[in-house]
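Notes to accompany the following structure.
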Amino acid sequence: MSISFADYKRIDAVNNSSLKAMAKSPKHYRHYRDNPEDPDKTPSDAMVLGTAVHAAVLEPDRLPLDFVIWSGPTLPAGHVVWHGGNRRGKAWEEFKAANVGRDILTPKEVDAIENSSDAKRGKAWEAFRDANAGRNILTASQYASALAIRGAVRSDPSVAPYLEGPGDFERSVQWTDAETGLGCKLRLDRLAHKTRYGRVLVDLKTTRDADPRVFARQAANLGYAQQLAMYRDGLAAIGEPVDKVVIVLVETSAPYDSAVLVVENDTLQAGRSDYLKLLRRVAECREAGEWPGRYPTEGVLDMPAWWWADDDEETDVAGALGLTGLEE
């Protein structure tokens, strides 16, 4: 289904992001479902760059449509520069009188403006942000990085076969889970139709380090196996099974090294078990009409080991000094 990401987000269905919230608790899931976007949450620079990279690599035509470039505040027209030190004294008063109606800046202020293209602050930034509400805003350096990453990925001979040829980019899919009857949805990065391996599900990830050993920890922490297992099942449910699942990694700093990691079946099966368990819990909570938090029963304050160690040490010292049993 070819729809915009905004339209995709409005589809009332379970997706991997909502299941990650369910992994915390049903209460977290319901909050995520009812509040899919927090207007007060500002995306991190890494998230902004990741979004731009996806657009640059997968949908380059959309990059100028969905993104605007914040190049920083510009120097006022007709400004003059005051080099006289402090803004006081006779020389300053004479300079100010001779430049009525013009913006008077110090060299330090000029330098701050000319070198603040990556700084998202100040009145100029707030005005730019408000004028571009609803669009993704990149700094000039982020935009340059997105283009550089696109060039690096597209020129990598190990990656190119998965991005070239017939297939779908940023495609939305909907299906009904056979066991729970829940409506589900996904938005895949790339489905390559005719590679030497057959139909391949391709997921693009940005990372600080493409070393497979380092990335494996990131993949485990962020539930990538669960995500891709759900994607594979979703495609199978609509009659489009895939023959292979890969993650294309690209580093976010020069030289923008990239790698292709195959997600093998045993990893996908483990991820499948995880997401199905969460999907069943969603169905159970809907049936019961109850959405408990992480701590529905009383717990016990279990002090850390270091705290007990310090306590034992103090007791040993008191015993050695013959102070045990004394009243305060």
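Starting from 1 in every chain, residues are counted up; chains themselves are A, B, ... following the order of the structure tokens, and ligands are numbered from 1 as listed.
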
10 Å contact set for A:Asp66, only C-alpha atoms, chain neighbours under 6 positions out, as a list of chain:residue names: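 My list of contacting residues is A:Ala52, A:Ala55, A:Gly134, A:Arg135, A:Asn136, A:Ile137.
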
Which polymer residues have any atom within 9 Å of an atom of A:Gln269, counting only C-alpha atoms, with same-chain residues fewer than 6 positions away left out, as a ChimeraX atom specification? /A:225-226,229

Output N, CA and C atoms for every residue in that selection, as a PDB file, in the first residue's frame.
ATOM      1  N   ALA A 225      15.111  -8.183  16.088  1.00  0.00           N
ATOM      2  CA  ALA A 225      14.671  -9.513  15.653  1.00  0.00           C
ATOM      3  C   ALA A 225      13.152  -9.621  15.739  1.00  0.00           C
ATOM      4  N   GLN A 226      12.577  -9.082  16.803  1.00  0.00           N
ATOM      5  CA  GLN A 226      11.118  -9.066  16.966  1.00  0.00           C
ATOM      6  C   GLN A 226      10.468  -8.280  15.834  1.00  0.00           C
ATOM      7  N   ALA A 229      10.820 -10.194  12.442  1.00  0.00           N
ATOM      8  CA  ALA A 229       9.982 -11.391  12.436  1.00  0.00           C
ATOM      9  C   ALA A 229       8.524 -11.017  12.177  1.00  0.00           C
TER      10      ALA A 229
END

With a distance cut-off of 9 Å and only C-alpha atoms, select the neighbouring residues of A:Asp156, excluding the residue or stretch itself and same-chain residues fewer than 3 positions from it, and output the selection as a ChimeraX atom specification. /A:151-153,159-160,257-259

Residues from the last selection, N, CA and C atoms, saved as a PDB file, in the first residue's frame:
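The result, written out as selection-v2.pdb:
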ATOM      1  N   GLY A 151      25.425   8.484  -0.763  1.00  0.00           N
ATOM      2  CA  GLY A 151      26.444   8.155  -1.746  1.00  0.00           C
ATOM      3  C   GLY A 151      27.252   6.937  -1.352  1.00  0.00           C
ATOM      4  N   ALA A 152      27.604   6.837  -0.067  1.00  0.00           N
ATOM      5  CA  ALA A 152      28.400   5.709   0.405  1.00  0.00           C
ATOM      6  C   ALA A 152      27.625   4.400   0.309  1.00  0.00           C
ATOM      7  N   VAL A 153      26.354   4.425   0.710  1.00  0.00           N
ATOM      8  CA  VAL A 153      25.544   3.210   0.677  1.00  0.00           C
ATOM      9  C   VAL A 153      25.311   2.756  -0.757  1.00  0.00           C
ATOM     10  N   VAL A 159      25.935  -3.768  -0.912  1.00  0.00           N
ATOM     11  CA  VAL A 159      24.600  -3.243  -0.614  1.00  0.00           C
ATOM     12  C   VAL A 159      23.765  -3.065  -1.873  1.00  0.00           C
ATOM     13  N   ALA A 160      24.409  -2.637  -2.944  1.00  0.00           N
ATOM     14  CA  ALA A 160      23.704  -2.272  -4.179  1.00  0.00           C
ATOM     15  C   ALA A 160      22.700  -3.313  -4.666  1.00  0.00           C
ATOM     16  N   ASP A 257      31.083   3.909   6.657  1.00  0.00           N
ATOM     17  CA  ASP A 257      31.228   2.495   6.323  1.00  0.00           C
ATOM     18  C   ASP A 257      29.866   1.808   6.416  1.00  0.00           C
ATOM     19  N   SER A 258      29.670   0.798   5.589  1.00  0.00           N
ATOM     20  CA  SER A 258      28.382   0.103   5.571  1.00  0.00           C
ATOM     21  C   SER A 258      28.604  -1.405   5.561  1.00  0.00           C
ATOM     22  N   ALA A 259      27.558  -2.149   5.874  1.00  0.00           N
ATOM     23  CA  ALA A 259      27.644  -3.599   5.928  1.00  0.00           C
ATOM     24  C   ALA A 259      26.254  -4.190   5.725  1.00  0.00           C
TER      25      ALA A 259
END

As a PyMOL selection string, please: all residues of stretch 30-143 of chain A that backbone DSSP puts in helix (DSSP H, G or I). chain A and resi 30-34+45-58+60-66+90-98+107-114+122-131+140-143

Name all residues at most 7 Å from A:Arg187 (count only C-alpha atoms; drop same-chain ones fewer than 2 positions away) and give them as a ChimeraX atom specification. /A:170-173,189

DSSP strand (DSSP E or B) residues within stretch 2-81 of chain A, as a list of chain:residue names: A:Val14, A:Phe67, A:Val68, A:Ile69, A:Trp70, A:Val80, A:Val81

Taking only C-alpha atoms into account, name the residue in A:Ala23, A:Leu301, A:Val250, A:Ala216 that is nearest to A:Lys277.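 Smallest separation from A:Lys277 among the options: A:Ala23.
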
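When the distance limit is 8 Å and only C-alpha atoms are what count, the residues near stretch 5-15 of chain A, minus those fewer than 5 positions from it on the same chain, are A:Ser172, A:Leu182, A:Gly183, A:Cys184, A:Lys185, A:Leu186, A:Arg187.
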
Using C-alpha atoms, can you export the residues from the last selection as a short mmCIF file (atom, residue, chain, number, x, y, z; two decimals), in the first residue's frame?
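What follows is the written file result01.cif:
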data_model
loop_
_atom_site.label_atom_id
_atom_site.label_comp_id
_atom_site.auth_asym_id
_atom_site.auth_seq_id
_atom_site.Cartn_x
_atom_site.Cartn_y
_atom_site.Cartn_z
CA SER A 172 2.75 0.04 4.29
CA LEU A 182 -5.98 -8.24 15.96
CA GLY A 183 -5.39 -5.83 13.11
CA CYS A 184 -1.68 -5.32 12.52
CA LYS A 185 0.40 -2.99 10.39
CA LEU A 186 3.98 -2.40 9.33
CA ARG A 187 5.96 -0.01 7.18
#

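Each of A:Val242, A:Ile247, A:Leu138, A:Met230 was checked against A:Asp45 using only C-alpha atoms; the smallest atom-to-atom distance is that of A:Leu138.
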
One number please: atom CA of A:Leu261 to atom CA of A:Val246, in Å, one decimal. 5.5 Å

Please identify all polymer residues within 9 Å of stretch 101-112 of chain A, counting only C-alpha atoms, omitting same-chain residues fewer than 3 positions from it, and present them as a ChimeraX atom specification. /A:75-85,96,115-116
